[in-house]
Amino acid sequence: MDFSADNPAIWDGIIQFGWICLILLVGNLARRKISFFRKALLPTSVIAGFLGLVLVQTGLIGFDLGFLNGVTYHTIAIGFIALGLRMPRRTDTKSRAGQSHDGTKTGMLIVSNYLIQGVLGLVIMIVLANTFLPDTFQSAGLLLPMGYGQGPGQANNIGSVYENVWGFAGGQSFGLAIATAGFLWASIGGIIYLNILQRRNQLPAQASASPDVQTGESFEDPGEIPLTEAIDRLTIQIALVMSIYLLTFLVSLGVVSLFDLAPALAGAKKTVSPLIWGFNFLIGSSLALGIRGSLQRLRHMGWMTRQYPNTYLLNRISGFAFDLMITASIISIQIDDLQGLWIPFILMSTLGGFLTLFYNVAMARRLYPDYSVAGMLSMYGMMTGTVSTGILLLREVDPTFQTPAANNLVIGSSVAILLGFPILLMVGLAPQSNAMLYLTLGLAAAYAIILNVLLLRKLTPGKRPA
C-alpha cells in the first residue's frame, strides 16, 4: 500500500484535521495576547473559526467542505454523548435536590427562548416573502432558534436539511452565519450589558473575585478503574462514547427503516427521516443517559464493582468535541451562498439578539431574584451561543460559581430535551406548505404563551420581585 503523500485517502483527512488544530492553537494565542479578544469574551474556538474563514476566503488554505460538515455534524453528537455519560457526584445529591426547582424553571425558560426566537424568525421571513422578497424561503425563520438557541451544530444540520430536501439555496451557510452572529451577540452584547451594570453599581459582590480561581474539579470518584489498569482510563471513555455513537447510528437507521415497511408512509419518511438524522445528538444523549443509569444500577446490585465513566475525562472529551464543532462550522460558511440573503440575515440576527437580551433580562429578575444578574448572563450566553458561552459570561460576575446559575444550565438542558421535542416536529412541519407554515407559527406562539404562564405562575409570593 502507498503511504506517501500521493495517496490522498490516507493523508487528506489528517492534514485538514491538523490545520483545524493548528488554527485553534493560534486562536488561543490571539485570545491570550490581544486584549480586544480577551475583553470581548470571545471563545477561542470562535476566534479560530473566524481566522480559518479568512484563510479559506483568501485562498491561503483549502478545506474540503464535506470534511468540515462531517466534523460539525459528528462532534455535536459526540459532545452530548460525553455529557450524558457523566456520573453525578454523591456529594452533590443534597445540593441538586435543593436546586432542581430552579433547574426545571431554567429548562422551561430555554424552550421558551427557542419558541420566541422561532416566532420572531418566522414573522420576519413571512413579512419579507409578502413584501419585497417574494422568493424568500419562509421556514428559514426557524434557523434563528437553531443557530442562536442550539448552536452551530444544529444550525448546520437543519440548514442542510432545508437546502437539500426543501430547496432553500444557501440554507446551510445561512444557518451557520446565524449561529456565528449569535456568538458575536453573546460576547459583545454581554460585555455592553456588564458595562451598563458596572456604571450603575449593580454588579453582584462575587464579581470582584479572581477570575482565574480554580473550580476544584475532581479527577476521579471512588471505585473507578485504577491508573495501573491494563487499559488506559481515557481509552475507556472514548470507547464508551464511540460505542454509544455506533448504537445511535443503528437506532436511527432502524427507526428510518421502519417507514419502508409500509409504502403509505413514504411521505412521512420524507419529513421524519431528515429530523432523525439531523437531531441524532438527542438520540445519542438519551442513550448515554440510559446506559449511565444502567451502569449505576449494576453497581448498586453488586454485579459490577468498578465505575467506568470518569466525569473529568468526559468533560474534556465534550469540550474538545464542541471546540472542533464551533471552529469547523465557522470555517465552512460559504460567503457566496449568502448572496440575496443578507437582508433576512441582518434582520434576523439583529432583532433576534435584542429580543433574546431583553427577554432574558426580564425573566431573570422574576425567576432568579436572588441572583438575577448571574442567571441572566448565563442564560443569555447560552441562548445566543452554547453552554460554554453562557459559562464564560457567568464567570465575569460569579467566577467561583457560588450561585446555582451554572448548575441550572446543566439541569435545564436535560429538561429542555423533553419539553423541546415538539419543536423538532415544527421544524419538519413548516416547509411542507403555507398552511403548515402558519400552523407552525400559531403552535409556536401558543406553546410559548403556555410556558410563560406556567413559569410566572410558579413564582411564590415571597419570591416575586418588587
# chains A, B, ... in the order shown; residues from 1 in each chain; ligands from 1
$ closest_atom_pairs --of "region 57-162 of chain A" --to "region 283-296 of chain A" --cutoff "7 Å" --atoms "only C-alpha atoms" --output "JSON lines"
{"residue": "A:Ala77", "atom": "CA", "partner": "A:Gly284", "partner_atom": "CA", "distance": 6.3}
{"residue": "A:Phe80", "atom": "CA", "partner": "A:Ser285", "partner_atom": "CA", "distance": 5.4}
{"residue": "A:Ile81", "atom": "CA", "partner": "A:Ser285", "partner_atom": "CA", "distance": 4.6}
{"residue": "A:Gly84", "atom": "CA", "partner": "A:Leu289", "partner_atom": "CA", "distance": 5.1}
{"residue": "A:Leu85", "atom": "CA", "partner": "A:Ala288", "partner_atom": "CA", "distance": 5.3}
$ write_last_selection --atoms "N, CA and C atoms" --output "mmCIF file, in the first residue's frame"
data_model
loop_
_atom_site.group_PDB
_atom_site.id
_atom_site.type_symbol
_atom_site.label_atom_id
_atom_site.label_comp_id
_atom_site.auth_asym_id
_atom_site.auth_seq_id
_atom_site.Cartn_x
_atom_site.Cartn_y
_atom_site.Cartn_z
ATOM 1 N N ALA A 77 -22.852 15.401 18.306
ATOM 2 C CA ALA A 77 -23.382 14.182 18.927
ATOM 3 C C ALA A 77 -22.380 13.597 19.916
ATOM 4 N N PHE A 80 -22.406 15.643 23.163
ATOM 5 C CA PHE A 80 -23.581 15.433 24.013
ATOM 6 C C PHE A 80 -23.580 14.036 24.626
ATOM 7 N N ILE A 81 -23.080 13.057 23.911
ATOM 8 C CA ILE A 81 -22.983 11.712 24.490
ATOM 9 C C ILE A 81 -22.026 11.722 25.677
ATOM 10 N N GLY A 84 -23.748 13.231 28.586
ATOM 11 C CA GLY A 84 -24.764 12.348 29.145
ATOM 12 C C GLY A 84 -24.201 11.217 29.977
ATOM 13 N N LEU A 85 -22.939 10.823 29.722
ATOM 14 C CA LEU A 85 -22.330 9.715 30.448
ATOM 15 C C LEU A 85 -21.759 10.121 31.802
#
$ residues_around --residues "region 130-139 of chain A" --least-positions-apart "3" --cutoff "7 Å" --atoms "only C-alpha atoms" --output "number ranges by chain"
A: 122, 125-127, 142, 168, 430-431, 437
$ write_last_selection --atoms "C-alpha atoms" --output "mmCIF file, in the first residue's frame"
data_model
loop_
_atom_site.group_PDB
_atom_site.id
_atom_site.type_symbol
_atom_site.label_atom_id
_atom_site.label_comp_id
_atom_site.auth_asym_id
_atom_site.auth_seq_id
_atom_site.Cartn_x
_atom_site.Cartn_y
_atom_site.Cartn_z
ATOM 1 C CA LEU A 122 -40.918 33.166 11.056
ATOM 2 C CA MET A 125 -39.399 35.768 6.826
ATOM 3 C CA ILE A 126 -43.171 35.815 6.211
ATOM 4 C CA VAL A 127 -43.190 39.628 6.068
ATOM 5 C CA LEU A 142 -36.739 28.549 12.354
ATOM 6 C CA PHE A 168 -33.546 26.501 0.275
ATOM 7 C CA ALA A 430 -43.196 24.295 8.485
ATOM 8 C CA PRO A 431 -41.705 23.826 4.979
ATOM 9 C CA LEU A 437 -46.129 27.236 7.939
#
$ closest_atom_pairs --of "region 51-126 of chain A" --to "region 302-318 of chain A" --cutoff "7 Å" --atoms "only C-alpha atoms" --output "CSV"
residue,atom,partner,partner_atom,distance
A:Ile78,CA,A:Ser318,CA,7.0
A:Gly79,CA,A:Ser318,CA,4.0
A:Phe80,CA,A:Ser318,CA,6.8
A:Ala82,CA,A:Leu314,CA,5.3
A:Leu83,CA,A:Ser318,CA,6.4
A:Leu85,CA,A:Pro309,CA,6.6
A:Arg86,CA,A:Thr311,CA,4.8
A:Met87,CA,A:Thr311,CA,6.0
$ closest_atom_pairs --of "region 122-188 of chain A" --to "region 44-61 of chain A" --cutoff "12 Å" --atoms "only C-alpha atoms" --output "JSON lines"
{"residue": "A:Gly151", "atom": "CA", "partner": "A:Val46", "partner_atom": "CA", "distance": 11.8}
{"residue": "A:Pro152", "atom": "CA", "partner": "A:Val46", "partner_atom": "CA", "distance": 10.7}
{"residue": "A:Leu176", "atom": "CA", "partner": "A:Gly49", "partner_atom": "CA", "distance": 11.5}
{"residue": "A:Ala177", "atom": "CA", "partner": "A:Phe50", "partner_atom": "CA", "distance": 11.2}
{"residue": "A:Ala179", "atom": "CA", "partner": "A:Val46", "partner_atom": "CA", "distance": 10.7}
{"residue": "A:Thr180", "atom": "CA", "partner": "A:Val46", "partner_atom": "CA", "distance": 7.9}
{"residue": "A:Ala181", "atom": "CA", "partner": "A:Val46", "partner_atom": "CA", "distance": 10.5}
{"residue": "A:Gly182", "atom": "CA", "partner": "A:Val46", "partner_atom": "CA", "distance": 10.7}
{"residue": "A:Phe183", "atom": "CA", "partner": "A:Val46", "partner_atom": "CA", "distance": 7.5}
{"residue": "A:Leu184", "atom": "CA", "partner": "A:Val46", "partner_atom": "CA", "distance": 8.9}
{"residue": "A:Ala186", "atom": "CA", "partner": "A:Val46", "partner_atom": "CA", "distance": 11.5}
{"residue": "A:Ser187", "atom": "CA", "partner": "A:Val46", "partner_atom": "CA", "distance": 10.4}
$ write_last_selection --atoms "N, CA and C atoms" --output "PDB file, in the first residue's frame"
ATOM      1  N   GLY A 151     -27.041  26.423  18.694  1.00  0.00           N
ATOM      2  CA  GLY A 151     -25.643  26.485  18.305  1.00  0.00           C
ATOM      3  C   GLY A 151     -25.379  26.048  16.877  1.00  0.00           C
ATOM      4  N   PRO A 152     -24.109  26.150  16.458  1.00  0.00           N
ATOM      5  CA  PRO A 152     -23.757  25.907  15.052  1.00  0.00           C
ATOM      6  C   PRO A 152     -23.980  24.484  14.574  1.00  0.00           C
ATOM      7  N   LEU A 176     -25.436  28.581   9.501  1.00  0.00           N
ATOM      8  CA  LEU A 176     -24.147  28.747  10.171  1.00  0.00           C
ATOM      9  C   LEU A 176     -23.828  30.217  10.407  1.00  0.00           C
ATOM     10  N   ALA A 177     -24.209  31.075   9.460  1.00  0.00           N
ATOM     11  CA  ALA A 177     -23.976  32.513   9.636  1.00  0.00           C
ATOM     12  C   ALA A 177     -24.809  33.051  10.805  1.00  0.00           C
ATOM     13  N   ALA A 179     -25.734  31.299  13.429  1.00  0.00           N
ATOM     14  CA  ALA A 179     -25.086  30.809  14.649  1.00  0.00           C
ATOM     15  C   ALA A 179     -23.848  31.618  14.986  1.00  0.00           C
ATOM     16  N   THR A 180     -23.081  31.994  13.962  1.00  0.00           N
ATOM     17  CA  THR A 180     -21.881  32.799  14.187  1.00  0.00           C
ATOM     18  C   THR A 180     -22.245  34.182  14.715  1.00  0.00           C
ATOM     19  N   ALA A 181     -23.297  34.782  14.154  1.00  0.00           N
ATOM     20  CA  ALA A 181     -23.765  36.079  14.658  1.00  0.00           C
ATOM     21  C   ALA A 181     -24.191  35.961  16.113  1.00  0.00           C
ATOM     22  N   GLY A 182     -24.724  34.791  16.486  1.00  0.00           N
ATOM     23  CA  GLY A 182     -25.120  34.580  17.868  1.00  0.00           C
ATOM     24  C   GLY A 182     -23.941  34.680  18.825  1.00  0.00           C
ATOM     25  N   PHE A 183     -22.795  34.114  18.430  1.00  0.00           N
ATOM     26  CA  PHE A 183     -21.610  34.215  19.275  1.00  0.00           C
ATOM     27  C   PHE A 183     -21.191  35.671  19.456  1.00  0.00           C
ATOM     28  N   LEU A 184     -21.288  36.453  18.389  1.00  0.00           N
ATOM     29  CA  LEU A 184     -20.940  37.868  18.493  1.00  0.00           C
ATOM     30  C   LEU A 184     -21.902  38.597  19.424  1.00  0.00           C
ATOM     31  N   ALA A 186     -23.569  37.205  21.876  1.00  0.00           N
ATOM     32  CA  ALA A 186     -23.289  36.738  23.239  1.00  0.00           C
ATOM     33  C   ALA A 186     -22.126  37.505  23.841  1.00  0.00           C
ATOM     34  N   SER A 187     -21.068  37.684  23.064  1.00  0.00           N
ATOM     35  CA  SER A 187     -19.856  38.320  23.570  1.00  0.00           C
ATOM     36  C   SER A 187     -20.019  39.834  23.659  1.00  0.00           C
TER      37      SER A 187
END
$ residues_around --residues "region 251-267 of chain A" --least-positions-apart "5" --cutoff "7 Å" --atoms "only C-alpha atoms" --output "NGL selection string"
:A and (273 or 276-277)
$ write_last_selection --atoms "C-alpha atoms" --output "PDB file, in the first residue's frame"
ATOM      1  CA  SER A 273     -36.049  10.913   8.295  1.00  0.00           C
ATOM      2  CA  ILE A 276     -33.975  11.839  12.969  1.00  0.00           C
ATOM      3  CA  TRP A 277     -30.575  12.179  11.307  1.00  0.00           C
TER       4      TRP A 277
END
